[in-house]
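Undergrad: I'd like to ask you about the structure that follows.
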Amino acid sequence: AQSVTQPDIHITVSEGASLELRCNYSYGATPYLFWYVQSPGQGLQLLLKYFSGDTLVQGIKGFEAEFKRSQSSFNLRKPSVHWSDAAEYFCAVGAQGGTASKLTFGTGTRLQVTL
Amino acid sequence: KAGVTQTPRYLIKTRGQQVTLSCSPISGHRSVSWYQQTPGQGLQFLFEYFSETQRNKGNFPGRFSGRQFSNSRSEMNVSTLELGDSALYLCASSFGSLEKLFFGSGTQLSVL
């Protein structure tokens, strides 16, 4: 069965600093990989996704993620964090040959941004 | 274009009751998925409907059921509510199988 691990429950960064959120997945083949963001009281918004091809994926709001098969990782990065980026971030995996609707989510990383 | 609309926003029920949650997807979207979000278990997939047919199902007991209507609107029903069913229930819609999910703001269910 597929699984996702987000080792960091809570991260605090200063505004303007760089950010990296870690995500490790477990899946037998090449998975579909996603990063979603959730603001308080809101649903989830897709930041970026990886299905195949270029392992460096660009997303919205200046985020990017790199798929590393050898490390089973899909870490999310942003070069300069803004205060509005404070939210909870979820990494998710979907099965190849399946749909992008049946996802297994990690437990999330809560990002706090200090001014 | 209107987003995914979930009603009601908040719901309080007592153990043993049943509840029905509603989700209106984005116009033109044919796939509707449901997720349960709790602090302890995180986000867990409940089921997905596509063109009125259940296409995928998660590992939840039979007390959790759903359906989709011809206009793609979906309902989710939980019977014989338990305290552990207290959660944020999120609905998401998409146009097709590999398209991104658009999430609603959820229905916060509290079971007393």
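Each chain in the structure tokens gets a letter, A, B and so on, in the order shown; residues start at 1 in every chain, and ligands are counted from 1 in the order they appear.
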Identify all residues of region 22-94 of chain A in helix (DSSP H, G or I) (DSSP on the backbone) and supply them as a PDB file with N, CA, C and O atoms, in the first residue's frame.
TA:
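New file states.pdb:
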```
ATOM      1  N   ILE A  60       2.334  26.996  -8.415  1.00  0.00           N
ATOM      2  CA  ILE A  60       1.821  28.345  -8.214  1.00  0.00           C
ATOM      3  C   ILE A  60       2.500  28.988  -7.017  1.00  0.00           C
ATOM      4  O   ILE A  60       3.155  28.302  -6.209  1.00  0.00           O
ATOM      5  N   LYS A  61       2.367  30.280  -6.901  1.00  0.00           N
ATOM      6  CA  LYS A  61       2.864  31.060  -5.763  1.00  0.00           C
ATOM      7  C   LYS A  61       4.369  30.936  -5.574  1.00  0.00           C
ATOM      8  O   LYS A  61       4.876  31.131  -4.464  1.00  0.00           O
ATOM      9  N   GLY A  62       5.106  30.615  -6.639  1.00  0.00           N
ATOM     10  CA  GLY A  62       6.552  30.547  -6.557  1.00  0.00           C
ATOM     11  C   GLY A  62       7.114  29.268  -5.974  1.00  0.00           C
ATOM     12  O   GLY A  62       8.318  29.176  -5.691  1.00  0.00           O
ATOM     13  N   ARG A  69      13.684   9.856  -7.341  1.00  0.00           N
ATOM     14  CA  ARG A  69      13.290   8.459  -7.233  1.00  0.00           C
ATOM     15  C   ARG A  69      14.207   7.690  -6.278  1.00  0.00           C
ATOM     16  O   ARG A  69      13.743   6.880  -5.482  1.00  0.00           O
ATOM     17  N   SER A  70      15.501   7.976  -6.328  1.00  0.00           N
ATOM     18  CA  SER A  70      16.470   7.227  -5.518  1.00  0.00           C
ATOM     19  C   SER A  70      16.238   7.447  -4.029  1.00  0.00           C
ATOM     20  O   SER A  70      16.579   6.595  -3.208  1.00  0.00           O
ATOM     21  N   GLN A  71      15.676   8.588  -3.680  1.00  0.00           N
ATOM     22  CA  GLN A  71      15.431   8.897  -2.276  1.00  0.00           C
ATOM     23  C   GLN A  71      13.954   8.792  -1.908  1.00  0.00           C
ATOM     24  O   GLN A  71      13.586   9.062  -0.772  1.00  0.00           O
ATOM     25  N   TRP A  83       4.740  36.263   4.260  1.00  0.00           N
ATOM     26  CA  TRP A  83       3.913  36.011   5.440  1.00  0.00           C
ATOM     27  C   TRP A  83       2.628  35.287   5.066  1.00  0.00           C
ATOM     28  O   TRP A  83       2.099  34.491   5.845  1.00  0.00           O
ATOM     29  N   SER A  84       2.131  35.520   3.857  1.00  0.00           N
ATOM     30  CA  SER A  84       0.878  34.891   3.434  1.00  0.00           C
ATOM     31  C   SER A  84       1.031  33.388   3.144  1.00  0.00           C
ATOM     32  O   SER A  84       0.040  32.703   2.894  1.00  0.00           O
ATOM     33  N   ASP A  85       2.271  32.900   3.172  1.00  0.00           N
ATOM     34  CA  ASP A  85       2.490  31.463   2.957  1.00  0.00           C
ATOM     35  C   ASP A  85       2.202  30.638   4.206  1.00  0.00           C
ATOM     36  O   ASP A  85       2.206  29.402   4.153  1.00  0.00           O
TER      37      ASP A  85
END
```
Undergrad: Using only C-alpha atoms, which residues sit within 10 Å of region 66-74 of chain B once same-chain residues fewer than 3 positions away are excluded, as an NGL selection string?
TA: :B and (4-6 or 20-34 or 46-54 or 63 or 77-78 or 91 or 93)
Undergrad: Given a cut-off of 12 Å, which residues of chain A touch chain B, counting only C-alpha atoms, written out as a PDB file with N, CA and C atoms, in the first residue's frame?
TA:
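As written to disk, part.pdb reads:
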```pdb
ATOM      1  N   SER A   3       2.101   5.048   0.896  1.00  0.00           N
ATOM      2  CA  SER A   3       2.094   5.870   2.103  1.00  0.00           C
ATOM      3  C   SER A   3       2.942   7.106   1.883  1.00  0.00           C
ATOM      4  N   VAL A   4       2.713   8.108   2.702  1.00  0.00           N
ATOM      5  CA  VAL A   4       3.444   9.366   2.616  1.00  0.00           C
ATOM      6  C   VAL A   4       3.885   9.763   4.015  1.00  0.00           C
ATOM      7  N   THR A   5       5.127  10.199   4.127  1.00  0.00           N
ATOM      8  CA  THR A   5       5.649  10.669   5.409  1.00  0.00           C
ATOM      9  C   THR A   5       6.109  12.105   5.268  1.00  0.00           C
ATOM     10  N   GLN A   6       5.591  12.946   6.133  1.00  0.00           N
ATOM     11  CA  GLN A   6       6.073  14.320   6.246  1.00  0.00           C
ATOM     12  C   GLN A   6       6.691  14.427   7.632  1.00  0.00           C
ATOM     13  N   ILE A   9       6.380  18.255  11.606  1.00  0.00           N
ATOM     14  CA  ILE A   9       5.016  18.618  11.949  1.00  0.00           C
ATOM     15  C   ILE A   9       4.829  20.122  11.870  1.00  0.00           C
ATOM     16  N   TYR A  32       1.972   9.182  -8.804  1.00  0.00           N
ATOM     17  CA  TYR A  32       1.568  10.569  -9.001  1.00  0.00           C
ATOM     18  C   TYR A  32       1.838  11.282  -7.676  1.00  0.00           C
ATOM     19  N   LEU A  33       2.439  12.441  -7.701  1.00  0.00           N
ATOM     20  CA  LEU A  33       2.777  13.168  -6.481  1.00  0.00           C
ATOM     21  C   LEU A  33       2.217  14.579  -6.514  1.00  0.00           C
ATOM     22  N   PHE A  34       1.755  15.026  -5.366  1.00  0.00           N
ATOM     23  CA  PHE A  34       1.085  16.320  -5.275  1.00  0.00           C
ATOM     24  C   PHE A  34       1.525  17.037  -4.003  1.00  0.00           C
ATOM     25  N   TRP A  35       1.471  18.363  -4.062  1.00  0.00           N
ATOM     26  CA  TRP A  35       1.527  19.202  -2.876  1.00  0.00           C
ATOM     27  C   TRP A  35       0.289  20.086  -2.856  1.00  0.00           C
ATOM     28  N   TYR A  36      -0.407  20.049  -1.702  1.00  0.00           N
ATOM     29  CA  TYR A  36      -1.570  20.890  -1.481  1.00  0.00           C
ATOM     30  C   TYR A  36      -1.309  21.791  -0.282  1.00  0.00           C
ATOM     31  N   VAL A  37      -1.982  22.955  -0.268  1.00  0.00           N
ATOM     32  CA  VAL A  37      -1.883  23.874   0.856  1.00  0.00           C
ATOM     33  C   VAL A  37      -3.286  24.136   1.398  1.00  0.00           C
ATOM     34  N   GLN A  38      -3.378  24.228   2.721  1.00  0.00           N
ATOM     35  CA  GLN A  38      -4.667  24.478   3.373  1.00  0.00           C
ATOM     36  C   GLN A  38      -4.525  25.640   4.351  1.00  0.00           C
ATOM     37  N   SER A  39      -5.279  26.698   4.100  1.00  0.00           N
ATOM     38  CA  SER A  39      -5.329  27.814   5.037  1.00  0.00           C
ATOM     39  C   SER A  39      -6.417  27.537   6.060  1.00  0.00           C
ATOM     40  N   PRO A  40      -6.335  28.141   7.238  1.00  0.00           N
ATOM     41  CA  PRO A  40      -7.308  27.855   8.299  1.00  0.00           C
ATOM     42  C   PRO A  40      -8.748  28.035   7.838  1.00  0.00           C
ATOM     43  N   GLY A  41      -9.568  27.031   8.112  1.00  0.00           N
ATOM     44  CA  GLY A  41     -10.978  27.100   7.766  1.00  0.00           C
ATOM     45  C   GLY A  41     -11.280  26.952   6.290  1.00  0.00           C
ATOM     46  N   GLN A  42     -10.282  26.557   5.541  1.00  0.00           N
ATOM     47  CA  GLN A  42     -10.461  26.443   4.084  1.00  0.00           C
ATOM     48  C   GLN A  42     -10.205  25.025   3.610  1.00  0.00           C
ATOM     49  N   GLY A  43     -10.598  24.779   2.377  1.00  0.00           N
ATOM     50  CA  GLY A  43     -10.257  23.511   1.753  1.00  0.00           C
ATOM     51  C   GLY A  43      -8.814  23.528   1.274  1.00  0.00           C
ATOM     52  N   LEU A  44      -8.448  22.538   0.507  1.00  0.00           N
ATOM     53  CA  LEU A  44      -7.085  22.417   0.022  1.00  0.00           C
ATOM     54  C   LEU A  44      -6.959  23.004  -1.374  1.00  0.00           C
ATOM     55  N   GLN A  45      -5.785  23.580  -1.641  1.00  0.00           N
ATOM     56  CA  GLN A  45      -5.506  24.136  -2.960  1.00  0.00           C
ATOM     57  C   GLN A  45      -4.260  23.455  -3.508  1.00  0.00           C
ATOM     58  N   LEU A  46      -4.315  23.018  -4.753  1.00  0.00           N
ATOM     59  CA  LEU A  46      -3.177  22.353  -5.362  1.00  0.00           C
ATOM     60  C   LEU A  46      -2.067  23.363  -5.655  1.00  0.00           C
ATOM     61  N   LEU A  47      -0.848  23.058  -5.185  1.00  0.00           N
ATOM     62  CA  LEU A  47       0.318  23.881  -5.493  1.00  0.00           C
ATOM     63  C   LEU A  47       1.019  23.374  -6.749  1.00  0.00           C
ATOM     64  N   LEU A  48       1.209  22.066  -6.825  1.00  0.00           N
ATOM     65  CA  LEU A  48       1.873  21.480  -7.982  1.00  0.00           C
ATOM     66  C   LEU A  48       1.679  19.979  -7.977  1.00  0.00           C
ATOM     67  N   LYS A  49       1.991  19.364  -9.114  1.00  0.00           N
ATOM     68  CA  LYS A  49       1.835  17.921  -9.246  1.00  0.00           C
ATOM     69  C   LYS A  49       2.925  17.373 -10.152  1.00  0.00           C
ATOM     70  N   TYR A  50       3.250  16.097  -9.931  1.00  0.00           N
ATOM     71  CA  TYR A  50       4.202  15.397 -10.771  1.00  0.00           C
ATOM     72  C   TYR A  50       3.570  14.102 -11.244  1.00  0.00           C
ATOM     73  N   PHE A  51       3.566  13.945 -12.562  1.00  0.00           N
ATOM     74  CA  PHE A  51       3.071  12.687 -13.128  1.00  0.00           C
ATOM     75  C   PHE A  51       4.218  11.940 -13.800  1.00  0.00           C
ATOM     76  N   GLU A  88      -0.993  25.173   6.292  1.00  0.00           N
ATOM     77  CA  GLU A  88      -0.585  23.776   6.434  1.00  0.00           C
ATOM     78  C   GLU A  88      -0.397  23.182   5.046  1.00  0.00           C
ATOM     79  N   TYR A  89       0.679  22.436   4.900  1.00  0.00           N
ATOM     80  CA  TYR A  89       1.053  21.895   3.613  1.00  0.00           C
ATOM     81  C   TYR A  89       0.983  20.371   3.659  1.00  0.00           C
ATOM     82  N   PHE A  90       0.355  19.812   2.623  1.00  0.00           N
ATOM     83  CA  PHE A  90       0.172  18.377   2.557  1.00  0.00           C
ATOM     84  C   PHE A  90       0.782  17.819   1.288  1.00  0.00           C
ATOM     85  N   CYS A  91       1.572  16.770   1.449  1.00  0.00           N
ATOM     86  CA  CYS A  91       2.086  16.002   0.335  1.00  0.00           C
ATOM     87  C   CYS A  91       1.139  14.825   0.136  1.00  0.00           C
ATOM     88  N   ALA A  92       0.910  14.439  -1.109  1.00  0.00           N
ATOM     89  CA  ALA A  92      -0.007  13.333  -1.373  1.00  0.00           C
ATOM     90  C   ALA A  92       0.511  12.487  -2.525  1.00  0.00           C
ATOM     91  N   VAL A  93       0.136  11.226  -2.505  1.00  0.00           N
ATOM     92  CA  VAL A  93       0.534  10.297  -3.552  1.00  0.00           C
ATOM     93  C   VAL A  93      -0.700   9.609  -4.109  1.00  0.00           C
ATOM     94  N   GLY A  94      -0.712   9.415  -5.404  1.00  0.00           N
ATOM     95  CA  GLY A  94      -1.779   8.688  -6.070  1.00  0.00           C
ATOM     96  C   GLY A  94      -1.166   7.569  -6.880  1.00  0.00           C
ATOM     97  N   ALA A  95      -1.965   6.547  -7.125  1.00  0.00           N
ATOM     98  CA  ALA A  95      -1.449   5.367  -7.814  1.00  0.00           C
ATOM     99  C   ALA A  95      -1.434   5.573  -9.313  1.00  0.00           C
ATOM    100  N   GLN A  96      -0.332   5.207  -9.967  1.00  0.00           N
ATOM    101  CA  GLN A  96      -0.274   5.199 -11.426  1.00  0.00           C
ATOM    102  C   GLN A  96      -1.352   4.273 -11.968  1.00  0.00           C
ATOM    103  N   GLY A  97      -2.028   4.752 -12.980  1.00  0.00           N
ATOM    104  CA  GLY A  97      -3.115   3.957 -13.529  1.00  0.00           C
ATOM    105  C   GLY A  97      -4.414   4.202 -12.812  1.00  0.00           C
ATOM    106  N   GLY A  98      -4.318   4.922 -11.715  1.00  0.00           N
ATOM    107  CA  GLY A  98      -5.535   5.270 -10.989  1.00  0.00           C
ATOM    108  C   GLY A  98      -5.989   6.656 -11.370  1.00  0.00           C
ATOM    109  N   THR A  99      -6.596   7.328 -10.456  1.00  0.00           N
ATOM    110  CA  THR A  99      -7.044   8.685 -10.723  1.00  0.00           C
ATOM    111  C   THR A  99      -6.338   9.636  -9.771  1.00  0.00           C
ATOM    112  N   ALA A 100      -6.459  10.905 -10.080  1.00  0.00           N
ATOM    113  CA  ALA A 100      -5.891  11.915  -9.196  1.00  0.00           C
ATOM    114  C   ALA A 100      -6.831  12.215  -8.049  1.00  0.00           C
ATOM    115  N   SER A 101      -7.929  11.457  -7.960  1.00  0.00           N
ATOM    116  CA  SER A 101      -8.908  11.706  -6.915  1.00  0.00           C
ATOM    117  C   SER A 101      -8.683  10.858  -5.686  1.00  0.00           C
ATOM    118  N   LYS A 102      -8.167   9.636  -5.853  1.00  0.00           N
ATOM    119  CA  LYS A 102      -7.949   8.759  -4.707  1.00  0.00           C
ATOM    120  C   LYS A 102      -6.509   8.944  -4.252  1.00  0.00           C
ATOM    121  N   LEU A 103      -6.315   9.841  -3.323  1.00  0.00           N
ATOM    122  CA  LEU A 103      -4.991  10.196  -2.872  1.00  0.00           C
ATOM    123  C   LEU A 103      -4.749   9.745  -1.443  1.00  0.00           C
ATOM    124  N   THR A 104      -3.481   9.430  -1.173  1.00  0.00           N
ATOM    125  CA  THR A 104      -3.035   9.180   0.196  1.00  0.00           C
ATOM    126  C   THR A 104      -2.235  10.393   0.629  1.00  0.00           C
ATOM    127  N   PHE A 105      -2.683  11.027   1.688  1.00  0.00           N
ATOM    128  CA  PHE A 105      -2.052  12.253   2.158  1.00  0.00           C
ATOM    129  C   PHE A 105      -1.099  11.976   3.306  1.00  0.00           C
ATOM    130  N   GLY A 106      -0.071  12.823   3.396  1.00  0.00           N
ATOM    131  CA  GLY A 106       0.749  12.854   4.588  1.00  0.00           C
ATOM    132  C   GLY A 106       0.021  13.587   5.694  1.00  0.00           C
ATOM    133  N   THR A 107       0.620  13.612   6.864  1.00  0.00           N
ATOM    134  CA  THR A 107      -0.025  14.210   8.025  1.00  0.00           C
ATOM    135  C   THR A 107       0.093  15.729   8.054  1.00  0.00           C
ATOM    136  N   GLY A 108       0.836  16.279   7.119  1.00  0.00           N
ATOM    137  CA  GLY A 108       0.900  17.723   7.006  1.00  0.00           C
ATOM    138  C   GLY A 108       2.044  18.362   7.765  1.00  0.00           C
ATOM    139  N   THR A 109       2.481  19.518   7.270  1.00  0.00           N
ATOM    140  CA  THR A 109       3.475  20.350   7.939  1.00  0.00           C
ATOM    141  C   THR A 109       2.886  21.737   8.088  1.00  0.00           C
TER     142      THR A 109
END
```
Undergrad: Would you kindly return, as an MDAnalysis selection string, each protein, DNA or RNA residue with an atom no farther than 10 Å from any atom of Leu56 (chain A), considering only C-alpha atoms and excluding same-chain residues fewer than 3 positions away?
TA: chainID A and resid 50 53 59 64:68 74
Undergrad: Keeping only all heavy atoms, write the selected residues to a file as a PDB file, in the first residue's frame.
TA:
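Result file follows (again17.pdb):
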```pdb
ATOM      1  N   TYR A  50       3.250  16.097  -9.931  1.00  0.00           N
ATOM      2  CA  TYR A  50       4.202  15.397 -10.771  1.00  0.00           C
ATOM      3  C   TYR A  50       3.570  14.102 -11.244  1.00  0.00           C
ATOM      4  O   TYR A  50       3.118  13.293 -10.438  1.00  0.00           O
ATOM      5  CB  TYR A  50       5.500  15.088  -9.998  1.00  0.00           C
ATOM      6  CG  TYR A  50       6.420  14.199 -10.781  1.00  0.00           C
ATOM      7  CD1 TYR A  50       7.232  14.715 -11.789  1.00  0.00           C
ATOM      8  CD2 TYR A  50       6.464  12.829 -10.544  1.00  0.00           C
ATOM      9  CE1 TYR A  50       8.060  13.896 -12.523  1.00  0.00           C
ATOM     10  CE2 TYR A  50       7.287  12.001 -11.279  1.00  0.00           C
ATOM     11  CZ  TYR A  50       8.081  12.541 -12.271  1.00  0.00           C
ATOM     12  OH  TYR A  50       8.893  11.728 -13.007  1.00  0.00           O
ATOM     13  N   GLY A  53       8.069  12.799 -16.529  1.00  0.00           N
ATOM     14  CA  GLY A  53       8.861  13.797 -17.233  1.00  0.00           C
ATOM     15  C   GLY A  53       9.846  14.514 -16.338  1.00  0.00           C
ATOM     16  O   GLY A  53      10.448  13.903 -15.447  1.00  0.00           O
ATOM     17  N   GLY A  59       5.255  25.227  -9.592  1.00  0.00           N
ATOM     18  CA  GLY A  59       3.862  25.357  -9.213  1.00  0.00           C
ATOM     19  C   GLY A  59       3.444  26.806  -9.077  1.00  0.00           C
ATOM     20  O   GLY A  59       4.131  27.714  -9.526  1.00  0.00           O
ATOM     21  N   GLU A  64       8.202  25.208  -5.950  1.00  0.00           N
ATOM     22  CA  GLU A  64       8.676  24.160  -6.828  1.00  0.00           C
ATOM     23  C   GLU A  64       8.940  22.914  -6.006  1.00  0.00           C
ATOM     24  O   GLU A  64       9.060  22.974  -4.773  1.00  0.00           O
ATOM     25  CB  GLU A  64       9.966  24.577  -7.561  1.00  0.00           C
ATOM     26  CG  GLU A  64      11.167  24.744  -6.667  1.00  0.00           C
ATOM     27  CD  GLU A  64      12.437  25.078  -7.440  1.00  0.00           C
ATOM     28  OE1 GLU A  64      12.345  25.647  -8.545  1.00  0.00           O
ATOM     29  OE2 GLU A  64      13.526  24.750  -6.931  1.00  0.00           O
ATOM     30  N   ALA A  65       8.980  21.775  -6.672  1.00  0.00           N
ATOM     31  CA  ALA A  65       9.278  20.521  -5.986  1.00  0.00           C
ATOM     32  C   ALA A  65      10.108  19.653  -6.912  1.00  0.00           C
ATOM     33  O   ALA A  65       9.989  19.733  -8.135  1.00  0.00           O
ATOM     34  CB  ALA A  65       7.999  19.796  -5.580  1.00  0.00           C
ATOM     35  N   GLU A  66      10.951  18.833  -6.310  1.00  0.00           N
ATOM     36  CA  GLU A  66      11.814  17.953  -7.087  1.00  0.00           C
ATOM     37  C   GLU A  66      11.553  16.504  -6.734  1.00  0.00           C
ATOM     38  O   GLU A  66      11.605  16.113  -5.557  1.00  0.00           O
ATOM     39  CB  GLU A  66      13.285  18.281  -6.855  1.00  0.00           C
ATOM     40  CG  GLU A  66      14.226  17.486  -7.764  1.00  0.00           C
ATOM     41  CD  GLU A  66      15.655  17.968  -7.693  1.00  0.00           C
ATOM     42  OE1 GLU A  66      15.984  18.755  -6.774  1.00  0.00           O
ATOM     43  OE2 GLU A  66      16.459  17.537  -8.554  1.00  0.00           O
ATOM     44  N   PHE A  67      11.273  15.696  -7.724  1.00  0.00           N
ATOM     45  CA  PHE A  67      11.050  14.264  -7.559  1.00  0.00           C
ATOM     46  C   PHE A  67      12.397  13.560  -7.622  1.00  0.00           C
ATOM     47  O   PHE A  67      13.128  13.676  -8.614  1.00  0.00           O
ATOM     48  CB  PHE A  67      10.129  13.746  -8.666  1.00  0.00           C
ATOM     49  CG  PHE A  67      10.020  12.243  -8.727  1.00  0.00           C
ATOM     50  CD1 PHE A  67       9.566  11.520  -7.635  1.00  0.00           C
ATOM     51  CD2 PHE A  67      10.369  11.548  -9.879  1.00  0.00           C
ATOM     52  CE1 PHE A  67       9.453  10.145  -7.683  1.00  0.00           C
ATOM     53  CE2 PHE A  67      10.261  10.165  -9.950  1.00  0.00           C
ATOM     54  CZ  PHE A  67       9.801   9.466  -8.844  1.00  0.00           C
ATOM     55  N   LYS A  68      12.751  12.860  -6.560  1.00  0.00           N
ATOM     56  CA  LYS A  68      13.996  12.092  -6.524  1.00  0.00           C
ATOM     57  C   LYS A  68      13.640  10.630  -6.267  1.00  0.00           C
ATOM     58  O   LYS A  68      13.377  10.224  -5.126  1.00  0.00           O
ATOM     59  CB  LYS A  68      14.932  12.623  -5.443  1.00  0.00           C
ATOM     60  CG  LYS A  68      15.472  14.017  -5.733  1.00  0.00           C
ATOM     61  CD  LYS A  68      16.513  14.446  -4.703  1.00  0.00           C
ATOM     62  CE  LYS A  68      17.091  15.806  -5.043  1.00  0.00           C
ATOM     63  NZ  LYS A  68      18.110  16.253  -4.060  1.00  0.00           N
ATOM     64  N   PHE A  74       9.929  13.926  -2.497  1.00  0.00           N
ATOM     65  CA  PHE A  74       9.278  14.958  -3.332  1.00  0.00           C
ATOM     66  C   PHE A  74       9.181  16.204  -2.463  1.00  0.00           C
ATOM     67  O   PHE A  74       8.116  16.598  -2.004  1.00  0.00           O
ATOM     68  CB  PHE A  74       7.901  14.476  -3.787  1.00  0.00           C
ATOM     69  CG  PHE A  74       7.239  15.352  -4.819  1.00  0.00           C
ATOM     70  CD1 PHE A  74       7.861  15.631  -6.031  1.00  0.00           C
ATOM     71  CD2 PHE A  74       5.971  15.870  -4.596  1.00  0.00           C
ATOM     72  CE1 PHE A  74       7.236  16.428  -6.988  1.00  0.00           C
ATOM     73  CE2 PHE A  74       5.335  16.672  -5.555  1.00  0.00           C
ATOM     74  CZ  PHE A  74       5.970  16.940  -6.748  1.00  0.00           C
TER      75      PHE A  74
END
```
Undergrad: If we count only C-alpha atoms, what is near Glu82 (chain B) at a cut-off of 7 Å, once residues fewer than 3 positions away on the same chain are taken out, given as a list in words?
TA: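 My list of contacting residues is Arg15, Gly16, Asp85 and Val111 of chain B.
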Undergrad: Using N, CA and C atoms, can you write the selected residues to a file as a short mmCIF file (atom, residue, chain, number, x, y, z; two decimals), in the first residue's frame?
TA:
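Output (result27.cif):
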```
data_model
loop_
_atom_site.label_atom_id
_atom_site.label_comp_id
_atom_site.auth_asym_id
_atom_site.auth_seq_id
_atom_site.Cartn_x
_atom_site.Cartn_y
_atom_site.Cartn_z
N ARG B 15 -24.88 11.03 19.00
CA ARG B 15 -24.59 9.63 18.67
C ARG B 15 -25.85 8.88 18.27
N GLY B 16 -25.73 8.06 17.26
CA GLY B 16 -26.87 7.26 16.81
C GLY B 16 -27.68 7.90 15.70
N ASP B 85 -16.74 10.00 14.48
CA ASP B 85 -17.08 10.54 13.16
C ASP B 85 -16.96 12.05 13.13
N VAL B 111 -20.06 15.34 16.61
CA VAL B 111 -20.97 14.33 17.15
C VAL B 111 -20.84 14.33 18.67
#
```
Undergrad: Looking at B:Leu112, B:Phe95, B:Phe64, B:Ser79, which one is nearest to Thr14 (chain B), with distances taken over only C-alpha atoms?
TA: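 Counting only C-alpha atoms, the residue closest to Thr14 (chain B) is B:Leu112.
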Undergrad: Calculate how many Å separate CA of Asp8 (chain A) from CA of Pro31 (chain A), rounding to one decimal.
TA: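 According to the coordinates, CA of Asp8 (chain A) and CA of Pro31 (chain A) are separated by 21.7 Å.
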Undergrad: Determine which residues of chain B receive a DSSP assignment of strand (DSSP E), computed from the backbone, and state them as a ChimeraX atom specification.
TA: /B:5-7,10-13,19-24,31-38,42-50,53-57,64-68,74-78,87-94,102-103,107-111
Undergrad: Leu111 (chain A): which residues within 7 Å, counting only C-alpha atoms, same-chain residues fewer than 5 positions away excluded, as a PyMOL selection string?
TA: chain A and resi 10-12+86-88
Undergrad: Filtering to C-alpha atoms, could you give me those residues as a PDB file, in the first residue's frame?
TA:
```pdb
ATOM      1  CA  HIS A  10       5.750  22.294  12.409  1.00  0.00           C
ATOM      2  CA  ILE A  11       8.294  24.635  10.794  1.00  0.00           C
ATOM      3  CA  THR A  12       8.954  28.290  11.520  1.00  0.00           C
ATOM      4  CA  ALA A  86       1.671  30.570   6.561  1.00  0.00           C
ATOM      5  CA  ALA A  87      -0.606  27.557   6.267  1.00  0.00           C
ATOM      6  CA  GLU A  88      -0.585  23.776   6.434  1.00  0.00           C
TER       7      GLU A  88
END
```
Undergrad: Would you compute the distance between CA of Arg22 (chain A) and CA of Asp54 (chain A)? Give it in Å to one decimal.
TA: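 Calculated distance between CA of Arg22 (chain A) and CA of Asp54 (chain A) is 19.1 Å.
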